[in-house]
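Please read the structure below before turning to the comments.
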There are 2 protein chains.
Amino acid sequence: MKNYIKKDEWCIIEKDFHPEYNRVSESLFSIGNGRMGQRGNFEEQYSGDSLQGNYVAGIYYPDKTRVGWWKNGYPEYFAKVLNAPNWIGIDVFVDNDPLDLAQCEVVNFKRVLNMKEGYLKRSFIAKTPGGKDVKVNTRRFLSIVDDDCGVIRFSITPLNFDGKITMIPYIDADVKNEDANYDEKFWDVLEKKAHEQEAYISAKTKKLHFHVCCGMKYEIFRNGHKSDFESEGTVKEKYVAGKTILDCRQGEQIDLVKYTAVLSSLNHKTEDLLEHTRGELEKILAKGYDKLLEEQAWAWKKKWEWSDIEIKGDVAAQQGIRFNIFQLNQTYTGEDARLNIGPKGFTGEKYGGSTYWDTEAYCLPFYLSSAPPEVSRNLLLYRYRHLEKAIENAEKLGFKNGAALYPMVTMNGEECHNEWEITFEEIHRNGAIAHAILDYVNYTGDKDYLIEYGMEVLIAISRFWSQRVNFSEAKQKYVMLGVTGPNEYENNVNNNWYTSKIACWTMQYTMEVIRFVKESNRTRFAEISSKIAFRETDETDRWQEIIDNMYFPKDQEKGIFLQQEGYLDKVIKPVTEIPESEIPINQYWSWDRILRSCYIKQADVLQGMYFFEQEYDEDTIRRNYDFYEPLTVHESSLSPCIHSILAARLRYHDKAYEFYLRTARLDLDDYNNDTSDGCHVTSMAGTWMSVVYGFGGMRIIEGKLHINPFIPGKWQKYDFKILFRGVLLRIDVEGKTVGVRNHSDKEISVFLYGKEQKIGGRASISAFIE
Amino acid sequence: MKNYIKKDEWCIIEKDFHPEYNRVSESLFSIGNGRMGQRGNFEEQYSGDSLQGNYVAGIYYPDKTRVGWWKNGYPEYFAKVLNAPNWIGIDVFVDNDPLDLAQCEVVNFKRVLNMKEGYLKRSFIAKTPGGKDVKVNTRRFLSIVDDDCGVIRFSITPLNFDGKITMIPYIDADVKNEDANYDEKFWDVLEKKAHEQEAYISAKTKKLHFHVCCGMKYEIFRNGHKSDFESEGTVKEKYVAGKTILDCRQGEQIDLVKYTAVLSSLNHKTEDLLEHTRGELEKILAKGYDKLLEEQAWAWKKKWEWSDIEIKGDVAAQQGIRFNIFQLNQTYTGEDARLNIGPKGFTGEKYGGSTYWDTEAYCLPFYLSSAPPEVSRNLLLYRYRHLEKAIENAEKLGFKNGAALYPMVTMNGEECHNEWEITFEEIHRNGAIAHAILDYVNYTGDKDYLIEYGMEVLIAISRFWSQRVNFSEAKQKYVMLGVTGPNEYENNVNNNWYTSKIACWTMQYTMEVIRFVKESNRTRFAEISSKIAFRETDETDRWQEIIDNMYFPKDQEKGIFLQQEGYLDKVIKPVTEIPESEIPINQYWSWDRILRSCYIKQADVLQGMYFFEQEYDEDTIRRNYDFYEPLTVHESSLSPCIHSILAARLRYHDKAYEFYLRTARLDLDDYNNDTSDGCHVTSMAGTWMSVVYGFGGMRIIEGKLHINPFIPGKWQKYDFKILFRGVLLRIDVEGKTVGVRNHSDKEISVFLYGKEQKIGGRASISAFIE
């Protein structure tokens, strides 16, 4: 655990330069606007350790699968969001010395991510090897208003000399992904231009032929006044730059403002790319730096109005939760249904920026609660648009008649993952995609979604489940053989309770939705039935037959569901008996030992208790929680949040808080020693859930909002917002009371501690904490 | 299935050149002498499709592991027997046209592998693009007398012209393995010399630094008379050659005889290598080609005297079985306990030439029966010498106190395989290594082996088993969780019957051996006990406790052992219900579908019935066979032989013959379409077993030889030899009678159809077939 980030309510602050943690800082100081993301790399050259990263959403590379032993059905490639041409670069020379923090003495270094207004700034004094002192201030942001654009203000002041400052703003397309399977570079450069004060590169990915055009213009200011300057364009193989040599006096501040636009063929015709890039640049240049910055602050203010969580009495917690919310809002804005949320967002290469079930199981509630319904609807439409590929994916595995298996990892709907025990067997993901439809409709009330899209997806998933089970003559029950549950520390097990549960639930829900669609829009029902050759009676009869006769492993005596058949054949010992020196077990134990052990990576039976809480009485939840939690090592960052929520539900408040703490500052404190690879963006949504679902006890049950908050002992106060069915509510929990304020004009009904209450427009209610 | 190889009792013959099958032919026409092996590549340049391969036993490369997703415990490398410097090369030019069968018109092509005398010859007439006709005859062999040496006679006769023939014998160290994980080349050349009429290359492997020195000398004959000639040496980066340009008259036969020696640092000091290579070359040059060839024929005659199987009435079967025996004798001669038998022998790169459990489970009986006991003893010593590494291997997986897990795939005792379900879980291999000790002692009567080596290995393996099981509170039995049985179409199952059986058997046998060693050599027992910190009572008590309380899955009603717990939850349908178009399932079904299915890759429960046949009555064997065989797809070449033996045991004679046929000509007919990768050498031993154990009904039971033959309906007669406790027996099965002839002077007792009979020296007995 590192502790070099300063605590602050609104900012992430690194004081003094920590080159040893530079990759961690680069992840933490990432900026993004949903369309692009940029790690906290320096603008100027840096010869120290660094992971360069700039990612354009939706632009990926199908990197040829690397595998030890090929298995039938493996995908040909793993889609990776590419490291895109570097737009931030500004090489700087002080007289002839390069400004390189790995070569200079660095004083008063400070790097600040201002989350309130959405920018990154940096200041320091550098003493070059030649003894020249310069003061540097930089600020950059990716605009969420003009979301193809990024802006940098780079200020430098000679402190102890008169001399030449050379500044070389550039765009470099000679980039690669560190995790490329075969060490290939992915970009071909098509066109490059470097005129005075502007430059462009058009590049194309080697496969799939995505085009990206990156352009820059720049201005020079002396002591704050715009200044004429001469610039010499340079064009190299995959690089364009402008070089400006400025004679400076001691104490004179030189600012270079670099305006950049990065446009892609995802949103523009290839032949228009260069022209549109130029247009964007002209637009932002006309606005100018100050206005752009002001618009950015305003736009972020709006985001915070809907999504902020305020905590009093615990700055570390406050900073942690805001960092999480900030990253989630940087990663996904919901404006484009072709995009989704990679586990690392735009903060690193790991997991290829591809989509996992994290989106449906962990991220969706955040966007449902803190953004208009269109945002989460786009997350659902993403999967709807991949339905055809999910059907093809299932066909590759031998399934028929329009059964769909959504991929474990995907960019465009095709499966990318290549471990058989995950790719082919961790099929519970299919259930999470069905469950997201319930979540969305339950939350937004948008039942039209079921008619238009939802039912079709649900039928395809139910078809999969009904083919994936088989009837066991031995058990006289339906069984689900050869699966991997959410607990990936078990592989290829039979009758994983959670998977079988979500399978039956999907079929049940699908039948409900079918009834609804038939009742409300018979024409559309007929249309879809015909399109997908749905034999309603036959198919639903089989689903019902399976639901009625599914085998669920249980232990009567303990009163628990069994994670899988045979789980109790293991040696059952709590995690506390594992020697400290062997934790995390995934770093110290061989894989087979982990598999044989009783230890659980992340919520599995308890994931089911969380999803289907309404179906179980408190005692059942408690018995399962009490049995499984002590066996859980929480070696997935997605584990603690579910346990936190359930612990809160069971009024294990200290436990709930303890779990919350395990991920609240996961990246800020580099808890798992892996933030250098990127931030755990999808897990951040889980932390949000710990607060809102856990401490706040928020639920939507049959379309009604329930709130049951408690307050962690360490906190004086916290509040959170919920945007529910067009109404923005703010829940304040302070001392012994809870207040719910309706920030809209519409009356709304809310269950506070189970008691239904109406809250008029702009009105509030309050209660004592129960 | 291909059918281009001509049937012949003693030869493998390709008539007319089949470039489309060239890689298959290169595998089939491989030659080897236990120390080296060479694929049937052409001496002269060939621009068509080819897999060049020359392998020096024991010289390998630790090729960096390639894996999609790393798991703790995976090995760092996969050991691969290297493609070694090419010693056969003789480039030929006819005037200026290269002799290249891909560029010439080829007439009267014939390639013959003479198995009786151990050489490969080739003849053809080639018409060059320039219209020059030449007649070519080549013959080559790897001497089993001078086993560092290979000799080639390359004859060429101009048919329609007077002109120049250029011959360039060379050694080329610029070779690589096609299956290199990262496309690296593995050799550095240290020294190279090319004088008149001789040349040398010394090369070193990039890791591990094995040294190999390859030298050549050559002679020229004109019309059979040794001739003076001039030769110009050439040295390139990794290549040495001599170039001889000869003026020839039409009809004049030019012979180049190339003598080659390949010596390695495995057997010589590095600094002596060149000198010793030169010495070897001088020795064989002095013997001369004709004498070398004669010695080769004589040595092979000796091998055949002990190992031949003669079949009358079925040339295809005769050719098939002799090809198998020939390859086994080419691959392993048993003179060096550091060597072993790779699944492809010296006939291809696949499986890296490394050692699998194939050696103990399939190959050992062949060498026990057809060679002096030292040969099989060396196979056992190979594992004894790897004991320390096997203990380290187990330690990496968390086992303690001298428990040993022998690797799945190895060269030097370290594990090379990197699929978790195999590497960590296919642990039954450990049992096969224990079982080989029983086999060896039972067969040879060499009980001293137990005292000197066997007990130590057995204790280490038993220690592994006793730690690998755990006590299930739920079952009140010991269970073995997370294993993969011999049937690799199931992964990570619980309580695989075969694995649990061989585990208990090992512990039982170890206790017997301990008793024997204590009785016969108390000093040695004390010595080993102390060396390995053996706590006899504690440890054997635990073993006995496990043996007494092991959980074995069974189905009472069906009267069968269950392959693993839960096997009967699957949909049980015979293989005959799989559509023909989906067979082999490993080519058509995704891996998860294979795993979920009931289909069995190779004998699993039945492997146990085979190993432990004496423990079960015929009805039990029959019930298990009748249940499992119809569910078995036999997609391992090691499967049919076990089924053939059991079928014969159950007097399912037609079935036994049918299974025999499935592998008897596996490579000659390229049955599985993969002989291009190399021949299935270890499976060949299985075919031998089908005849001797299956048709011949041979068993060694408590040190006594049993014979119970039947004769397949299609055959008139067959015979086989058994070298048993110093006595060479020949069993003739013809028509309705069986004859057993004792070819030694010593009396021996044999059970023929269960009736014990003594056979005096040089005497015979006979009986009617029962």
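Ordered as shown in the structure tokens, chains take letters A, B, and onward, while each chain numbers its residues from 1 and ligands are numbered from 1 in the order shown.
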Checklist entry - stretch 454-467 of chain A: which residues within 7 Å, counting only C-alpha atoms, same-chain residues fewer than 4 positions away excluded, as a PyMOL selection string? => result chain A and resi 384+387+399+402-405+430+434+437+449-450+503+506-507+510+513-514+528+543
Next on the checklist: Could you pull out the helix (DSSP H, G or I) residues of stretch 178-417 of chain B, going by DSSP on the backbone, and write them as a VMD selection string?
Outcome noted: chain B and resid 270 to 287 289 to 307 315 to 331 350 to 353 358 to 370 373 to 385 387 to 396
Next on the checklist: Give me the residues near B:Tyr382 as number ranges by chain, where near means some atom within 8 Å (using only C-alpha atoms) and where sequence neighbours in that chain fewer than 4 positions away do not count.
Outcome noted: B: 337-340, 378, 386
Checklist entry - Closest to chain A among B:Ala648, B:Ile427, B:Leu397, B:Ala194, using only C-alpha atoms? => result B:Leu397
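Checking A:Ile13, A:Ile433, A:Leu606, A:Ile722 one by one against A:Leu562, counting only C-alpha atoms, you find the shortest gap at A:Leu606.
Restricting the calculation to only C-alpha atoms, the smallest distance between A:Ala603 and any of A:Glu615, A:Arg699, A:Pro486, A:Lys721 is found for A:Pro486.
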Item to check | Shell of 7 Å around A:Gln330, only C-alpha atoms, local chain residues under 6 positions omitted, as number ranges by chain | outcome: A: 31-34
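Residues of stretch 427-528 of chain B assigned to strand (DSSP E) by DSSP on this structure's backbone: Asn470, Phe471, Ser472, Lys477, Tyr478 and Val479 of chain B.
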Next on the checklist: Nearest residue to A:Glu414 out of A:His643, A:Lys755, A:Lys389, A:Lys287, using only C-alpha atoms?
Outcome noted: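 Of A:His643, A:Lys755, A:Lys389, A:Lys287, the one nearest A:Glu414, counting only C-alpha atoms, is A:Lys389.
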Checklist entry - Taking into account only C-alpha atoms, which residue in the set B:Gly150, B:Gly242, B:Gly413, B:Gly118 is nearest to B:Thr260? => result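 When distances to B:Thr260 are compared using only C-alpha atoms, the smallest one comes from B:Gly150.
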Item to check | Contacts of B:Asn418 at 9 Å (only C-alpha atoms; same-chain gap of 4+ positions) as JSON, numbers by chain | outcome: {"A": [68, 69], "B": [65, 66, 67, 70, 71, 73, 74, 75, 76, 77, 78, 422, 423, 424]}
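Pairwise distance (atom CA of A:Lys396, atom CA of A:Met408) equals 14.5 Å.
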Checklist outcome for this item: Using only C-alpha atoms, the best pick from B:Tyr332, B:Phe161, B:Phe471, B:Tyr753 as closest to chain A would be B:Phe471
Next on the checklist: Excluding A:Asp308 and its own-chain neighbours fewer than 4 positions away, which residues fall within 8 Å of it when counting only C-alpha atoms? Please give them as a list in words.
Outcome noted: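 The residues satisfying every condition are Lys303, Trp304, Arg322, Ile325, Phe720 and Lys721 of chain A.
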How would the residues just chosen look if you wrote them out with N, CA, C and O atoms as a PDB file, in the first residue's frame?
ATOM      1  N   LYS A 303     -22.242  17.388 -14.180  1.00  0.00           N
ATOM      2  CA  LYS A 303     -22.077  15.949 -13.873  1.00  0.00           C
ATOM      3  C   LYS A 303     -22.114  15.732 -12.363  1.00  0.00           C
ATOM      4  O   LYS A 303     -22.746  14.801 -11.864  1.00  0.00           O
ATOM      5  N   TRP A 304     -21.426  16.594 -11.653  1.00  0.00           N
ATOM      6  CA  TRP A 304     -21.384  16.427 -10.191  1.00  0.00           C
ATOM      7  C   TRP A 304     -22.738  16.657  -9.538  1.00  0.00           C
ATOM      8  O   TRP A 304     -23.063  16.030  -8.522  1.00  0.00           O
ATOM      9  N   ARG A 322     -15.038  10.326  -4.574  1.00  0.00           N
ATOM     10  CA  ARG A 322     -15.090  11.267  -5.711  1.00  0.00           C
ATOM     11  C   ARG A 322     -14.179  10.807  -6.844  1.00  0.00           C
ATOM     12  O   ARG A 322     -14.511  10.956  -8.017  1.00  0.00           O
ATOM     13  N   ILE A 325     -16.128   8.216  -8.737  1.00  0.00           N
ATOM     14  CA  ILE A 325     -17.206   8.793  -9.547  1.00  0.00           C
ATOM     15  C   ILE A 325     -16.621   9.544 -10.748  1.00  0.00           C
ATOM     16  O   ILE A 325     -17.107   9.433 -11.877  1.00  0.00           O
ATOM     17  N   PHE A 720     -25.963  11.424  -0.846  1.00  0.00           N
ATOM     18  CA  PHE A 720     -25.822  10.930  -2.221  1.00  0.00           C
ATOM     19  C   PHE A 720     -27.055  11.324  -3.006  1.00  0.00           C
ATOM     20  O   PHE A 720     -28.086  11.707  -2.436  1.00  0.00           O
ATOM     21  N   LYS A 721     -26.877  11.288  -4.318  1.00  0.00           N
ATOM     22  CA  LYS A 721     -27.972  11.694  -5.198  1.00  0.00           C
ATOM     23  C   LYS A 721     -28.510  10.498  -5.949  1.00  0.00           C
ATOM     24  O   LYS A 721     -27.760   9.581  -6.280  1.00  0.00           O
TER      25      LYS A 721
END
Checklist entry - In Å to one decimal, how far is atom CA of A:His680 from atom CA of A:Ile594? => result 23.4 Å
Neighbouring residues of A:Phe346 were defined as those with any atom within 8 Å, considering only C-alpha atoms; residues of the same chain fewer than 4 positions away were excluded. Please report them as an mmCIF file with N, CA, C and O atoms, in the first residue's frame.
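around-v7.cif, written as the output of this step:
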data_model
loop_
_atom_site.group_PDB
_atom_site.id
_atom_site.type_symbol
_atom_site.label_atom_id
_atom_site.label_comp_id
_atom_site.auth_asym_id
_atom_site.auth_seq_id
_atom_site.Cartn_x
_atom_site.Cartn_y
_atom_site.Cartn_z
ATOM 1 N N SER A 30 -4.879 10.075 -14.969
ATOM 2 C CA SER A 30 -5.480 9.947 -16.299
ATOM 3 C C SER A 30 -6.640 10.918 -16.443
ATOM 4 O O SER A 30 -7.361 11.188 -15.484
ATOM 5 N N ILE A 31 -6.808 11.398 -17.651
ATOM 6 C CA ILE A 31 -7.995 12.194 -17.945
ATOM 7 C C ILE A 31 -8.748 11.551 -19.113
ATOM 8 O O ILE A 31 -8.162 10.842 -19.925
ATOM 9 N N GLY A 32 -10.052 11.792 -19.157
ATOM 10 C CA GLY A 32 -10.850 11.201 -20.222
ATOM 11 C C GLY A 32 -12.147 11.957 -20.401
ATOM 12 O O GLY A 32 -12.566 12.720 -19.516
ATOM 13 N N MET A 36 -12.251 9.702 -25.502
ATOM 14 C CA MET A 36 -10.795 9.507 -25.496
ATOM 15 C C MET A 36 -10.327 9.476 -24.057
ATOM 16 O O MET A 36 -11.012 9.974 -23.166
ATOM 17 N N GLY A 37 -9.145 8.934 -23.868
ATOM 18 C CA GLY A 37 -8.536 8.978 -22.549
ATOM 19 C C GLY A 37 -7.036 9.039 -22.686
ATOM 20 O O GLY A 37 -6.469 8.574 -23.677
ATOM 21 N N GLN A 38 -6.424 9.620 -21.682
ATOM 22 C CA GLN A 38 -4.987 9.865 -21.744
ATOM 23 C C GLN A 38 -4.406 9.619 -20.362
ATOM 24 O O GLN A 38 -4.859 10.203 -19.383
ATOM 25 N N ARG A 39 -3.418 8.733 -20.297
ATOM 26 C CA ARG A 39 -2.728 8.550 -19.027
ATOM 27 C C ARG A 39 -1.959 9.811 -18.652
ATOM 28 O O ARG A 39 -1.691 10.670 -19.489
ATOM 29 N N ASN A 54 -2.630 6.543 -24.697
ATOM 30 C CA ASN A 54 -3.676 7.431 -25.189
ATOM 31 C C ASN A 54 -4.639 6.553 -25.962
ATOM 32 O O ASN A 54 -4.232 5.847 -26.882
ATOM 33 N N TYR A 55 -5.884 6.542 -25.567
ATOM 34 C CA TYR A 55 -6.815 5.577 -26.126
ATOM 35 C C TYR A 55 -8.018 6.299 -26.717
ATOM 36 O O TYR A 55 -8.560 7.215 -26.111
ATOM 37 N N THR A 331 -14.986 7.873 -18.122
ATOM 38 C CA THR A 331 -14.858 6.692 -18.984
ATOM 39 C C THR A 331 -16.050 6.539 -19.911
ATOM 40 O O THR A 331 -15.913 6.207 -21.079
ATOM 41 N N GLY A 342 -14.342 -0.564 -20.288
ATOM 42 C CA GLY A 342 -13.312 -1.570 -20.027
ATOM 43 C C GLY A 342 -12.941 -1.561 -18.557
ATOM 44 O O GLY A 342 -13.069 -0.533 -17.889
ATOM 45 N N GLY A 353 -9.177 -3.030 -22.760
ATOM 46 C CA GLY A 353 -10.249 -2.038 -22.890
ATOM 47 C C GLY A 353 -11.564 -2.644 -23.309
ATOM 48 O O GLY A 353 -12.502 -1.943 -23.686
ATOM 49 N N GLY A 678 -3.131 0.481 -14.607
ATOM 50 C CA GLY A 678 -4.367 1.215 -14.860
ATOM 51 C C GLY A 678 -5.259 1.135 -13.634
ATOM 52 O O GLY A 678 -5.057 0.299 -12.751
#
